[in-house]
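query_8.pdb (PDB, C-alpha atoms) appears below.
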ATOM      1  CA  MET A   1       0.000   0.000   0.000
ATOM      2  CA  LEU A   2       1.028   3.576  -0.620
ATOM      3  CA  SER A   3       1.769   5.806   2.356
ATOM      4  CA  HIS A   4      -0.270   8.942   3.049
ATOM      5  CA  PRO A   5      -0.980  11.662   2.127
ATOM      6  CA  LEU A   6      -2.506  10.047  -0.910
ATOM      7  CA  ILE A   7      -3.693  11.933  -4.002
ATOM      8  CA  LEU A   8      -6.194  10.481  -6.475
ATOM      9  CA  VAL A   9      -5.893  11.964  -9.971
ATOM     10  CA  THR A  10      -8.680  10.905 -12.322
ATOM     11  CA  GLY A  11      -7.925  11.094 -16.037
ATOM     12  CA  ALA A  12      -4.246  10.433 -15.259
ATOM     13  CA  ALA A  13      -3.531   9.171 -18.789
ATOM     14  CA  GLY A  14      -5.124  12.288 -20.263
ATOM     15  CA  PHE A  15      -3.284  15.444 -21.321
ATOM     16  CA  ILE A  16      -3.591  17.550 -18.148
ATOM     17  CA  GLY A  17      -3.839  14.518 -15.859
ATOM     18  CA  TYR A  18      -0.540  13.143 -17.164
ATOM     19  CA  HIS A  19       1.276  16.443 -16.611
ATOM     20  CA  LEU A  20      -0.163  16.892 -13.115
ATOM     21  CA  THR A  21       0.667  13.323 -12.073
ATOM     22  CA  HIS A  22       4.214  13.668 -13.453
ATOM     23  CA  ARG A  23       4.696  16.867 -11.450
ATOM     24  CA  LEU A  24       3.323  15.381  -8.211
ATOM     25  CA  LEU A  25       5.466  12.240  -8.517
ATOM     26  CA  SER A  26       8.562  14.359  -9.214
ATOM     27  CA  GLU A  27       7.893  16.076  -5.867
ATOM     28  CA  GLY A  28       7.812  12.715  -4.093
ATOM     29  CA  ARG A  29       4.031  12.539  -3.688
ATOM     30  CA  GLN A  30       2.019   9.313  -3.595
ATOM     31  CA  VAL A  31      -0.466   9.255  -6.487
ATOM     32  CA  ILE A  32      -3.215   6.891  -7.569
ATOM     33  CA  GLY A  33      -3.883   7.498 -11.252
ATOM     34  CA  LEU A  34      -7.300   6.470 -12.533
ATOM     35  CA  ASP A  35      -8.242   6.338 -16.209
ATOM     36  CA  SER A  36     -10.660   4.386 -18.390
ATOM     37  CA  LEU A  37      -8.301   4.522 -21.415
ATOM     38  CA  ASN A  38     -11.311   5.046 -23.692
ATOM     39  CA  ASP A  39     -10.905   5.498 -27.444
ATOM     40  CA  TYR A  40     -12.202   9.083 -27.812
ATOM     41  CA  TYR A  41      -8.729   9.671 -29.257
ATOM     42  CA  ASP A  42      -5.625   7.550 -29.903
ATOM     43  CA  VAL A  43      -5.272   5.108 -26.993
ATOM     44  CA  ASN A  44      -1.593   4.612 -27.900
ATOM     45  CA  LEU A  45      -0.915   8.218 -26.906
ATOM     46  CA  LYS A  46      -2.613   7.617 -23.541
ATOM     47  CA  ARG A  47      -0.608   4.420 -23.030
ATOM     48  CA  ALA A  48       2.645   6.243 -23.873
ATOM     49  CA  ARG A  49       1.872   8.873 -21.219
ATOM     50  CA  LEU A  50       1.010   6.140 -18.750
ATOM     51  CA  ALA A  51       4.246   4.257 -19.435
ATOM     52  CA  ARG A  52       6.215   7.365 -18.437
ATOM     53  CA  LEU A  53       4.269   7.636 -15.183
ATOM     54  CA  GLU A  54       4.714   3.959 -14.340
ATOM     55  CA  ASN A  55       8.486   4.457 -14.428
ATOM     56  CA  GLN A  56       8.268   6.780 -11.416
ATOM     57  CA  ASN A  57       8.154   5.858  -7.733
ATOM     58  CA  GLY A  58       4.943   6.377  -5.774
ATOM     59  CA  PHE A  59       2.532   5.713  -8.645
ATOM     60  CA  GLN A  60      -0.313   3.208  -8.696
ATOM     61  CA  PHE A  61      -2.587   2.893 -11.744
ATOM     62  CA  VAL A  62      -6.241   1.841 -11.641
ATOM     63  CA  GLN A  63      -8.172   1.317 -14.877
ATOM     64  CA  ALA A  64     -11.826   2.127 -14.228
ATOM     65  CA  ASN A  65     -14.674   4.241 -15.567
ATOM     66  CA  LEU A  66     -15.975   7.105 -13.428
ATOM     67  CA  ALA A  67     -19.520   6.142 -14.377
ATOM     68  CA  ASP A  68     -19.071   2.645 -12.853
ATOM     69  CA  ARG A  69     -20.660   3.225  -9.453
ATOM     70  CA  GLU A  70     -19.507  -0.033  -7.849
ATOM     71  CA  ALA A  71     -15.929   0.323  -9.079
ATOM     72  CA  MET A  72     -15.696   3.899  -7.816
ATOM     73  CA  ALA A  73     -17.226   3.083  -4.423
ATOM     74  CA  SER A  74     -14.792   0.165  -4.050
ATOM     75  CA  LEU A  75     -11.799   2.317  -5.024
ATOM     76  CA  PHE A  76     -12.613   5.080  -2.530
ATOM     77  CA  GLY A  77     -13.372   2.556   0.219
ATOM     78  CA  ARG A  78     -10.131   0.663  -0.361
ATOM     79  CA  LEU A  79      -7.683   3.528  -0.891
ATOM     80  CA  LYS A  80      -9.243   6.463   1.024
ATOM     81  CA  PRO A  81      -7.364   9.284  -0.733
ATOM     82  CA  ASP A  82      -6.730  12.524   1.152
ATOM     83  CA  CYS A  83      -7.077  14.773  -1.882
ATOM     84  CA  VAL A  84      -8.864  14.163  -5.190
ATOM     85  CA  VAL A  85      -8.163  16.000  -8.442
ATOM     86  CA  ASN A  86     -10.896  15.129 -10.938
ATOM     87  CA  LEU A  87      -9.598  15.680 -14.476
ATOM     88  CA  ALA A  88     -11.439  12.768 -16.109
ATOM     89  CA  ALA A  89     -14.243  13.963 -18.357
ATOM     90  CA  GLN A  90     -15.652  13.647 -21.816
ATOM     91  CA  ALA A  91     -13.974  16.658 -23.377
ATOM     92  CA  GLY A  92     -14.633  18.713 -26.483
ATOM     93  CA  VAL A  93     -17.373  21.148 -27.498
ATOM     94  CA  ARG A  94     -17.862  19.801 -31.026
ATOM     95  CA  TYR A  95     -18.107  16.131 -30.060
ATOM     96  CA  SER A  96     -20.957  17.014 -27.667
ATOM     97  CA  LEU A  97     -23.089  17.797 -30.728
ATOM     98  CA  VAL A  98     -22.523  14.241 -31.976
ATOM     99  CA  ASN A  99     -22.499  12.073 -28.856
ATOM    100  CA  PRO A 100     -24.357  13.832 -26.022
ATOM    101  CA  HIS A 101     -24.776  10.668 -23.920
ATOM    102  CA  ALA A 102     -21.001  10.366 -23.450
ATOM    103  CA  TYR A 103     -21.084  13.714 -21.615
ATOM    104  CA  ILE A 104     -23.950  12.694 -19.341
ATOM    105  CA  ASP A 105     -22.260   9.404 -18.424
ATOM    106  CA  SER A 106     -18.797  10.794 -17.736
ATOM    107  CA  ASN A 107     -19.377  14.376 -16.645
ATOM    108  CA  LEU A 108     -22.598  13.998 -14.640
ATOM    109  CA  VAL A 109     -22.915  10.358 -13.545
ATOM    110  CA  GLY A 110     -19.144  10.035 -13.147
ATOM    111  CA  PHE A 111     -18.825  13.274 -11.207
ATOM    112  CA  THR A 112     -21.630  12.189  -8.856
ATOM    113  CA  ASN A 113     -19.651   9.024  -8.091
ATOM    114  CA  VAL A 114     -16.570  11.153  -7.320
ATOM    115  CA  LEU A 115     -18.575  13.427  -5.008
ATOM    116  CA  GLU A 116     -20.078  10.444  -3.194
ATOM    117  CA  GLY A 117     -16.637   8.866  -2.763
ATOM    118  CA  CYS A 118     -15.273  12.105  -1.316
ATOM    119  CA  ARG A 119     -18.278  12.543   0.975
ATOM    120  CA  HIS A 120     -18.193   9.054   2.465
ATOM    121  CA  HIS A 121     -14.435   8.637   2.860
ATOM    122  CA  GLY A 122     -13.199  11.846   4.456
ATOM    123  CA  VAL A 123     -11.514  13.472   1.474
ATOM    124  CA  LYS A 124     -10.001  16.755   2.660
ATOM    125  CA  HIS A 125     -10.174  18.628  -0.674
ATOM    126  CA  LEU A 126     -11.776  17.951  -4.064
ATOM    127  CA  VAL A 127     -10.263  19.927  -6.926
ATOM    128  CA  TYR A 128     -12.005  19.448 -10.272
ATOM    129  CA  ALA A 129     -11.731  20.644 -13.850
ATOM    130  CA  SER A 130     -14.379  23.044 -15.033
ATOM    131  CA  SER A 131     -13.945  24.962 -18.281
ATOM    132  CA  SER A 132     -13.875  28.437 -19.793
ATOM    133  CA  SER A 133     -16.792  27.195 -21.935
ATOM    134  CA  VAL A 134     -19.153  27.820 -18.985
ATOM    135  CA  TYR A 135     -19.058  31.516 -19.910
ATOM    136  CA  GLY A 136     -21.120  30.657 -22.993
ATOM    137  CA  ALA A 137     -23.031  33.654 -24.304
ATOM    138  CA  ASN A 138     -21.280  36.095 -21.927
ATOM    139  CA  LYS A 139     -19.867  39.122 -23.728
ATOM    140  CA  THR A 140     -18.099  40.966 -20.881
ATOM    141  CA  ILE A 141     -14.340  40.487 -21.348
ATOM    142  CA  PRO A 142     -12.308  39.395 -19.424
ATOM    143  CA  PHE A 143     -14.458  36.574 -18.057
ATOM    144  CA  SER A 144     -14.684  36.740 -14.260
ATOM    145  CA  VAL A 145     -15.695  34.046 -11.768
ATOM    146  CA  HIS A 146     -17.950  36.728 -10.273
ATOM    147  CA  HIS A 147     -20.038  36.889 -13.463
ATOM    148  CA  ASN A 148     -23.253  34.913 -13.862
ATOM    149  CA  VAL A 149     -22.732  31.877 -16.135
ATOM    150  CA  ASP A 150     -26.271  30.631 -16.732
ATOM    151  CA  HIS A 151     -26.214  30.679 -20.541
ATOM    152  CA  PRO A 152     -24.001  27.833 -21.831
ATOM    153  CA  VAL A 153     -24.001  27.302 -25.615
ATOM    154  CA  SER A 154     -22.929  23.624 -25.723
ATOM    155  CA  LEU A 155     -23.839  20.505 -23.783
ATOM    156  CA  TYR A 156     -20.185  20.163 -22.779
ATOM    157  CA  ALA A 157     -20.345  23.613 -21.167
ATOM    158  CA  ALA A 158     -23.646  22.766 -19.478
ATOM    159  CA  THR A 159     -22.132  19.652 -17.878
ATOM    160  CA  LYS A 160     -19.186  21.667 -16.573
ATOM    161  CA  LYS A 161     -21.511  24.300 -15.098
ATOM    162  CA  ALA A 162     -23.520  21.432 -13.590
ATOM    163  CA  ASN A 163     -20.316  20.113 -11.961
ATOM    164  CA  GLU A 164     -19.854  23.456 -10.225
ATOM    165  CA  LEU A 165     -23.436  23.396  -8.966
ATOM    166  CA  MET A 166     -23.127  19.784  -7.791
ATOM    167  CA  ALA A 167     -19.853  20.555  -6.005
ATOM    168  CA  HIS A 168     -21.428  23.540  -4.282
ATOM    169  CA  THR A 169     -24.271  21.357  -3.028
ATOM    170  CA  TYR A 170     -21.826  18.874  -1.468
ATOM    171  CA  SER A 171     -19.787  21.716   0.034
ATOM    172  CA  HIS A 172     -22.987  23.144   1.556
ATOM    173  CA  LEU A 173     -24.577  19.895   2.756
ATOM    174  CA  TYR A 174     -21.539  17.921   3.872
ATOM    175  CA  GLY A 175     -18.804  20.514   4.416
ATOM    176  CA  LEU A 176     -16.707  18.984   1.617
ATOM    177  CA  PRO A 177     -14.132  21.580   0.504
ATOM    178  CA  THR A 178     -14.336  21.854  -3.299
ATOM    179  CA  THR A 179     -12.471  24.009  -5.816
ATOM    180  CA  GLY A 180     -13.443  24.224  -9.492
ATOM    181  CA  LEU A 181     -10.884  25.312 -12.072
ATOM    182  CA  ARG A 182     -12.016  26.909 -15.308
ATOM    183  CA  PHE A 183      -9.213  26.060 -17.739
ATOM    184  CA  PHE A 184      -8.695  28.269 -20.817
ATOM    185  CA  THR A 185      -7.569  26.555 -24.078
ATOM    186  CA  VAL A 186      -4.761  24.406 -22.700
ATOM    187  CA  TYR A 187      -1.948  23.411 -25.080
ATOM    188  CA  GLY A 188       1.542  21.927 -24.903
ATOM    189  CA  PRO A 189       3.561  18.699 -25.257
ATOM    190  CA  TRP A 190       1.560  15.452 -25.032
ATOM    191  CA  GLY A 191      -1.548  17.458 -26.029
ATOM    192  CA  ARG A 192      -4.844  16.084 -27.287
ATOM    193  CA  PRO A 193      -5.120  15.158 -30.987
ATOM    194  CA  ASP A 194      -8.557  16.842 -31.235
ATOM    195  CA  MET A 195      -7.197  20.260 -30.214
ATOM    196  CA  ALA A 196      -6.286  23.005 -32.686
ATOM    197  CA  LEU A 197      -2.508  22.998 -32.171
ATOM    198  CA  PHE A 198      -2.241  19.232 -32.742
ATOM    199  CA  LEU A 199      -4.629  19.291 -35.724
ATOM    200  CA  PHE A 200      -2.905  22.273 -37.333
ATOM    201  CA  THR A 201       0.625  20.905 -36.859
ATOM    202  CA  LYS A 202      -0.271  17.488 -38.234
ATOM    203  CA  ALA A 203      -2.088  18.970 -41.253
ATOM    204  CA  ILE A 204       0.631  21.484 -42.146
ATOM    205  CA  LEU A 205       3.355  18.807 -41.972
ATOM    206  CA  SER A 206       1.339  16.544 -44.307
ATOM    207  CA  ASP A 207       0.411  19.447 -46.628
ATOM    208  CA  GLN A 208      -3.283  19.173 -45.807
ATOM    209  CA  PRO A 209      -5.557  22.222 -45.410
ATOM    210  CA  ILE A 210      -6.556  23.348 -41.908
ATOM    211  CA  ASN A 211     -10.103  24.372 -40.978
ATOM    212  CA  VAL A 212     -10.236  27.963 -39.713
ATOM    213  CA  PHE A 213     -13.614  28.666 -38.145
ATOM    214  CA  ASN A 214     -15.462  31.999 -38.067
ATOM    215  CA  HIS A 215     -13.214  32.928 -41.034
ATOM    216  CA  GLY A 216     -10.333  33.368 -38.584
ATOM    217  CA  ASN A 217     -12.112  35.997 -36.482
ATOM    218  CA  MET A 218     -11.456  34.199 -33.190
ATOM    219  CA  ARG A 219      -9.443  35.117 -30.126
ATOM    220  CA  ARG A 220      -8.406  32.506 -27.591
ATOM    221  CA  ASP A 221      -6.696  32.704 -24.217
ATOM    222  CA  PHE A 222      -4.174  29.968 -25.062
ATOM    223  CA  THR A 223      -2.665  28.683 -21.789
ATOM    224  CA  TYR A 224       0.502  26.588 -21.638
ATOM    225  CA  VAL A 225       0.102  23.297 -19.785
ATOM    226  CA  ASP A 226       2.940  23.918 -17.274
ATOM    227  CA  ASP A 227       1.163  27.109 -16.168
ATOM    228  CA  ILE A 228      -2.068  25.156 -15.732
ATOM    229  CA  ILE A 229      -0.256  22.570 -13.587
ATOM    230  CA  GLU A 230       1.400  25.219 -11.411
ATOM    231  CA  GLY A 231      -2.032  26.692 -10.770
ATOM    232  CA  VAL A 232      -3.548  23.296  -9.944
ATOM    233  CA  VAL A 233      -0.769  22.370  -7.503
ATOM    234  CA  ARG A 234      -1.068  25.686  -5.681
ATOM    235  CA  VAL A 235      -4.855  25.413  -5.486
ATOM    236  CA  MET A 236      -4.616  21.854  -4.100
ATOM    237  CA  ALA A 237      -2.780  23.282  -1.071
ATOM    238  CA  HIS A 238      -5.274  26.143  -0.690
ATOM    239  CA  ILE A 239      -8.289  24.459   0.909
ATOM    240  CA  PRO A 240     -11.311  26.786   0.733
ATOM    241  CA  SER A 241     -13.331  27.886   3.729
ATOM    242  CA  GLY A 242     -16.657  29.694   3.734
ATOM    243  CA  ASP A 243     -16.782  33.371   2.788
ATOM    244  CA  SER A 244     -18.216  35.238   5.774
ATOM    245  CA  GLN A 245     -19.001  38.235   3.541
ATOM    246  CA  TRP A 246     -21.213  36.203   1.188
ATOM    247  CA  HIS A 247     -24.889  37.166   1.301
ATOM    248  CA  GLY A 248     -27.923  35.556  -0.301
ATOM    249  CA  GLU A 249     -29.452  38.945  -1.165
ATOM    250  CA  THR A 250     -26.493  39.748  -3.440
ATOM    251  CA  PRO A 251     -25.135  36.272  -4.223
ATOM    252  CA  ASP A 252     -21.593  36.226  -5.614
ATOM    253  CA  PRO A 253     -21.259  33.271  -8.065
ATOM    254  CA  GLY A 254     -17.521  32.960  -7.339
ATOM    255  CA  THR A 255     -17.691  32.307  -3.597
ATOM    256  CA  SER A 256     -20.083  30.936  -0.974
ATOM    257  CA  GLN A 257     -20.777  30.570   2.727
ATOM    258  CA  ALA A 258     -19.843  26.927   2.071
ATOM    259  CA  PRO A 259     -16.183  25.802   1.602
ATOM    260  CA  TYR A 260     -16.430  26.275  -2.163
ATOM    261  CA  ARG A 261     -14.455  28.262  -4.708
ATOM    262  CA  VAL A 262     -14.006  28.535  -8.469
ATOM    263  CA  TYR A 263     -10.985  30.018 -10.245
ATOM    264  CA  ASN A 264     -10.042  30.871 -13.807
ATOM    265  CA  ILE A 265      -6.667  29.549 -14.950
ATOM    266  CA  GLY A 266      -5.851  31.336 -18.189
ATOM    267  CA  ASN A 267      -3.042  33.372 -19.720
ATOM    268  CA  HIS A 268      -5.033  36.646 -19.647
ATOM    269  CA  GLN A 269      -3.444  37.413 -23.057
ATOM    270  CA  PRO A 270      -5.953  36.373 -25.740
ATOM    271  CA  GLN A 271      -4.359  35.758 -29.135
ATOM    272  CA  HIS A 272      -5.943  36.165 -32.534
ATOM    273  CA  LEU A 273      -6.323  32.751 -34.192
ATOM    274  CA  MET A 274      -4.445  33.949 -37.282
ATOM    275  CA  ARG A 275      -1.515  35.021 -35.069
ATOM    276  CA  PHE A 276      -1.512  31.558 -33.447
ATOM    277  CA  ILE A 277      -1.379  29.945 -36.904
ATOM    278  CA  ALA A 278       1.481  32.278 -37.915
ATOM    279  CA  VAL A 279       3.514  31.146 -34.876
ATOM    280  CA  ILE A 280       2.951  27.489 -35.838
ATOM    281  CA  GLU A 281       4.039  28.259 -39.427
ATOM    282  CA  ASP A 282       7.152  30.008 -38.131
ATOM    283  CA  CYS A 283       8.100  27.047 -35.922
ATOM    284  CA  LEU A 284       7.504  24.535 -38.729
ATOM    285  CA  GLN A 285       9.032  26.741 -41.430
ATOM    286  CA  ARG A 286       6.022  25.901 -43.607
ATOM    287  CA  LYS A 287       2.921  27.786 -44.723
ATOM    288  CA  ALA A 288      -0.537  26.509 -43.849
ATOM    289  CA  ARG A 289      -3.271  25.972 -46.434
ATOM    290  CA  LEU A 290      -6.294  27.699 -44.929
ATOM    291  CA  ASN A 291      -9.879  26.491 -45.319
ATOM    292  CA  PHE A 292     -12.039  29.333 -43.961
ATOM    293  CA  LEU A 293     -15.369  28.205 -42.503
ATOM    294  CA  PRO A 294     -18.274  29.812 -40.604
ATOM    295  CA  MET A 295     -18.561  29.640 -36.810
ATOM    296  CA  GLN A 296     -19.242  26.149 -35.463
ATOM    297  CA  PRO A 297     -22.386  25.633 -33.348
ATOM    298  CA  GLY A 298     -21.525  25.756 -29.644
ATOM    299  CA  ASP A 299     -18.380  27.831 -30.178
ATOM    300  CA  VAL A 300     -17.649  31.381 -28.966
ATOM    301  CA  PRO A 301     -15.645  34.115 -30.744
ATOM    302  CA  GLU A 302     -13.405  35.135 -27.839
ATOM    303  CA  THR A 303     -12.155  33.967 -24.449
ATOM    304  CA  CYS A 304     -10.079  35.856 -21.893
ATOM    305  CA  ALA A 305      -9.528  34.965 -18.243
ATOM    306  CA  ASP A 306      -9.691  37.378 -15.327
ATOM    307  CA  VAL A 307      -7.166  35.737 -12.953
ATOM    308  CA  ASP A 308      -7.261  38.305 -10.131
ATOM    309  CA  ASP A 309      -8.735  35.811  -7.628
ATOM    310  CA  LEU A 310      -6.117  33.165  -8.468
ATOM    311  CA  MET A 311      -3.339  35.731  -8.099
ATOM    312  CA  ARG A 312      -4.727  36.997  -4.784
ATOM    313  CA  ASP A 313      -5.292  33.574  -3.203
ATOM    314  CA  VAL A 314      -2.338  31.493  -4.444
ATOM    315  CA  GLY A 315       0.074  34.127  -5.794
ATOM    316  CA  PHE A 316       0.266  32.871  -9.357
ATOM    317  CA  LYS A 317      -0.898  33.724 -12.857
ATOM    318  CA  PRO A 318       0.034  32.019 -16.150
ATOM    319  CA  ASP A 319       2.454  33.942 -18.375
ATOM    320  CA  THR A 320       4.123  31.596 -20.916
ATOM    321  CA  PRO A 321       4.041  33.300 -24.348
ATOM    322  CA  ILE A 322       2.689  31.278 -27.283
ATOM    323  CA  GLU A 323       6.033  31.588 -29.116
ATOM    324  CA  ILE A 324       7.672  29.489 -26.368
ATOM    325  CA  GLY A 325       4.752  27.117 -25.735
ATOM    326  CA  VAL A 326       4.101  26.317 -29.405
ATOM    327  CA  ARG A 327       7.825  25.684 -29.997
ATOM    328  CA  ARG A 328       7.894  23.177 -27.105
ATOM    329  CA  PHE A 329       4.828  21.393 -28.469
ATOM    330  CA  ILE A 330       6.300  21.122 -31.971
ATOM    331  CA  ASP A 331       9.631  19.852 -30.605
ATOM    332  CA  TRP A 332       7.684  17.173 -28.717
ATOM    333  CA  PHE A 333       5.525  16.360 -31.786
ATOM    334  CA  ARG A 334       8.563  15.839 -34.034
ATOM    335  CA  ASP A 335      10.245  13.689 -31.400
ATOM    336  CA  TYR A 336       7.189  11.586 -30.553
ATOM    337  CA  TYR A 337       6.304  10.874 -34.187
ATOM    338  CA  GLN A 338      10.013  10.629 -35.153
ATOM    339  CA  LEU A 339       9.702  13.261 -37.891
TER     340      LEU A 339
END

For the structure just supplied, provide its representation as structure tokens.
Amino acid sequence: MLSHPLILVTGAAGFIGYHLTHRLLSEGRQVIGLDSLNDYYDVNLKRARLARLENQNGFQFVQANLADREAMASLFGRLKPDCVVNLAAQAGVRYSLVNPHAYIDSNLVGFTNVLEGCRHHGVKHLVYASSSSVYGANKTIPFSVHHNVDHPVSLYAATKKANELMAHTYSHLYGLPTTGLRFFTVYGPWGRPDMALFLFTKAILSDQPINVFNHGNMRRDFTYVDDIIEGVVRVMAHIPSGDSQWHGETPDPGTSQAPYRVYNIGNHQPQHLMRFIAVIEDCLQRKARLNFLPMQPGDVPETCADVDDLMRDVGFKPDTPIEIGVRRFIDWFRDYYQL
């Protein structure tokens, strides 16, 4: 058995989960990594991440599906983690238009099983991935955790908003400290094949056209994965308590009387999509063939994170420029695919 304190990271073979687990193990932490290894994207990439984790001391892997109630109850009962970081989810805005049930199973049923495990087995802090997509139809930039987010424009976003509401309920009813993290367009080495940077790099190198939505009139708060991980690690150590200033007559969406918080983790430097493509071209020393398309259903034209709360509470804000982050991804891509 692993010695305490014990951290459970769900989605450990995923992009962010892999990086977080690697960081925690490098600090000498004891980590249980859970993943279903589903085939939403290339399972070989997930297995390659996992192989790197299994080479490190203090790691134990469990293959299970969050939506499997019995398996999750057994895991929590057997291992009794001190801290849980829930990064397992059905990701992607566009796929939610095609396969909505995958989002209900993983993001709602699965998250309920995580909450129940935490509630019944004395977990001291649940940190979970939310998403910048919860801002939906909001137009006030930068997006703040103190803004109302009741108008999601994709089912994926709705499930992430639901996770925040579910977490708040458990914080209120059972005193479970929960922190939701709204990630903004994460990219970097070992990234997901369905994300823009991976798709664009692969297409440009094979002289295929890339799809540029909203005719390129998009701005994204691209956030380098190491910055995301630094934020997560700091938040893990910052266990929320109730906000004594919170009042039901003027309810602040970002805090609560319960031990509940949400934070944005984003670069606070939105980049024009065409600028992002130009950086990729520069790193590859090749020009992209551009296929301009209208806006996709469920998408938004701009994201930008207000990170004042994160900076105030844990003393950190992301700042890696895309020129550095994209270069690191492309170096990894060439190495991994032996190009």

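Taking only C-alpha atoms, the non-local environment of His120 (chain A) within 12 Å (same-chain residues fewer than 6 positions away omitted) comprises Met72, Ala73, Ser74, Leu75, Phe76, Gly77, Arg78, Lys80, Pro81, Asn113, Val114, Tyr170, Tyr174, Gly175 and Leu176 of chain A.
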
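Take the candidates A:Gln257, A:Gln63, A:Ser144, A:Ser131 and check each one against Glu164 (chain A) using only C-alpha atoms; the shortest distance goes to A:Ser131.
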
Next item on the list: Around the point (-1.4, 24.1, -16.8) in the file's coordinates, collect all residues with an atom within 9 Å, using all atoms listed in the file, and return them as a PyMOL selection string.
Entry: chain A and resi 16+19-20+183+186-188+223-232+265-266+318

Centre, edges in Å (one decimal): axis-aligned box, region 37-53 of chain A, 4 Å padding on all six sides, as AutoDock Vina command-line options:
--center_x -3.0 --center_y 7.0 --center_z -22.5 --size_x 26.4 --size_y 13.4 --size_z 22.7

Notebook entry, point to check: Using the chain letters and numbers from the file, which residues does the PyMOL selection byres ((chain A and resi 172) around 12) grab, as a PyMOL selection string?
Noted result: chain A and resi 119+165-171+173-178+241-242+255-261

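If you count only C-alpha atoms and ignore residues fewer than 3 places along the chain from Leu284 (chain A), what sits within 9 Å of it is Thr201, Ile204, Leu205, Val279, Ile280, Glu281, Lys287, Arg327 and Ile330 of chain A.
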
Note to self: Applying the PyMOL selection byres ((chain A and resi 62) around 7) to the file I just gave you, which residues come out? Please list them as a list in words.
What the structure shows: Gly33, Leu34, Asp35, Gln60, Phe61, Gln63 and Ala64 of chain A

Check: In Å to one decimal, how far is CA of Val314 (chain A) from CA of Val31 (chain A)?
Finding: 22.4 Å

Notebook entry, point to check: If the PyMOL selection byres ((chain A and resi 149) around 7) is run on the structure shown, which residues does it catch, given as a ChimeraX atom specification?
Noted result: /A:134-135,147-148,150-151

Margin query: List as a list in words the protein and nucleic acid residues near Leu290 (chain A), meaning an atom at most 7 Å away when all atoms listed in the file are counted, but skip any in the same chain fewer than 6 places from it.
Written below: Pro209, Ile210, Asn211 and Val212 of chain A

Next item on the list: Extract, using only C-alpha atoms, all DNA, RNA and protein residues at most 12 Å from Thr140 (chain A), discarding same-chain residues fewer than 2 positions from it, and format them as number ranges by chain.
Entry: A: 135-138, 142-149, 302-306

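With distances taken over all atoms listed in the file, A:Gly110 is the one residue among A:Pro193, A:Gly110, A:Gly325, A:Gly92 lying closest to Ser36 (chain A).
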
Because some atoms of region 277-290 of chain A are absent here, can you restore N, CA and C atoms and send them as a PDB file, keeping the file's coordinate frame?
ATOM      1  N   ILE A 277      -1.763  30.728 -35.722  1.00  0.00           N
ATOM      2  CA  ILE A 277      -1.379  29.945 -36.904  1.00  0.00           C
ATOM      3  C   ILE A 277      -0.024  30.424 -37.438  1.00  0.00           C
ATOM      4  N   ALA A 278       0.202  31.733 -37.427  1.00  0.00           N
ATOM      5  CA  ALA A 278       1.481  32.278 -37.915  1.00  0.00           C
ATOM      6  C   ALA A 278       2.655  31.781 -37.068  1.00  0.00           C
ATOM      7  N   VAL A 279       2.460  31.658 -35.758  1.00  0.00           N
ATOM      8  CA  VAL A 279       3.514  31.146 -34.876  1.00  0.00           C
ATOM      9  C   VAL A 279       3.814  29.681 -35.208  1.00  0.00           C
ATOM     10  N   ILE A 280       2.756  28.896 -35.449  1.00  0.00           N
ATOM     11  CA  ILE A 280       2.951  27.489 -35.838  1.00  0.00           C
ATOM     12  C   ILE A 280       3.739  27.414 -37.156  1.00  0.00           C
ATOM     13  N   GLU A 281       3.339  28.232 -38.130  1.00  0.00           N
ATOM     14  CA  GLU A 281       4.039  28.259 -39.427  1.00  0.00           C
ATOM     15  C   GLU A 281       5.514  28.602 -39.238  1.00  0.00           C
ATOM     16  N   ASP A 282       5.778  29.567 -38.375  1.00  0.00           N
ATOM     17  CA  ASP A 282       7.152  30.008 -38.131  1.00  0.00           C
ATOM     18  C   ASP A 282       7.978  28.869 -37.525  1.00  0.00           C
ATOM     19  N   CYS A 283       7.385  28.159 -36.564  1.00  0.00           N
ATOM     20  CA  CYS A 283       8.100  27.047 -35.922  1.00  0.00           C
ATOM     21  C   CYS A 283       8.343  25.891 -36.888  1.00  0.00           C
ATOM     22  N   LEU A 284       7.390  25.651 -37.779  1.00  0.00           N
ATOM     23  CA  LEU A 284       7.504  24.535 -38.729  1.00  0.00           C
ATOM     24  C   LEU A 284       8.267  24.916 -39.992  1.00  0.00           C
ATOM     25  N   GLN A 285       8.431  26.248 -40.186  1.00  0.00           N
ATOM     26  CA  GLN A 285       9.032  26.741 -41.430  1.00  0.00           C
ATOM     27  C   GLN A 285       8.240  26.268 -42.652  1.00  0.00           C
ATOM     28  N   ARG A 286       6.924  26.265 -42.510  1.00  0.00           N
ATOM     29  CA  ARG A 286       6.022  25.901 -43.607  1.00  0.00           C
ATOM     30  C   ARG A 286       4.784  26.779 -43.529  1.00  0.00           C
ATOM     31  N   LYS A 287       4.167  27.022 -44.683  1.00  0.00           N
ATOM     32  CA  LYS A 287       2.921  27.786 -44.723  1.00  0.00           C
ATOM     33  C   LYS A 287       1.726  26.842 -44.646  1.00  0.00           C
ATOM     34  N   ALA A 288       0.699  27.285 -43.950  1.00  0.00           N
ATOM     35  CA  ALA A 288      -0.537  26.509 -43.849  1.00  0.00           C
ATOM     36  C   ALA A 288      -1.441  26.795 -45.048  1.00  0.00           C
ATOM     37  N   ARG A 289      -2.190  25.775 -45.462  1.00  0.00           N
ATOM     38  CA  ARG A 289      -3.271  25.972 -46.434  1.00  0.00           C
ATOM     39  C   ARG A 289      -4.544  26.150 -45.634  1.00  0.00           C
ATOM     40  N   LEU A 290      -5.184  27.310 -45.796  1.00  0.00           N
ATOM     41  CA  LEU A 290      -6.294  27.699 -44.929  1.00  0.00           C
ATOM     42  C   LEU A 290      -7.645  27.451 -45.585  1.00  0.00           C
TER      43      LEU A 290
END
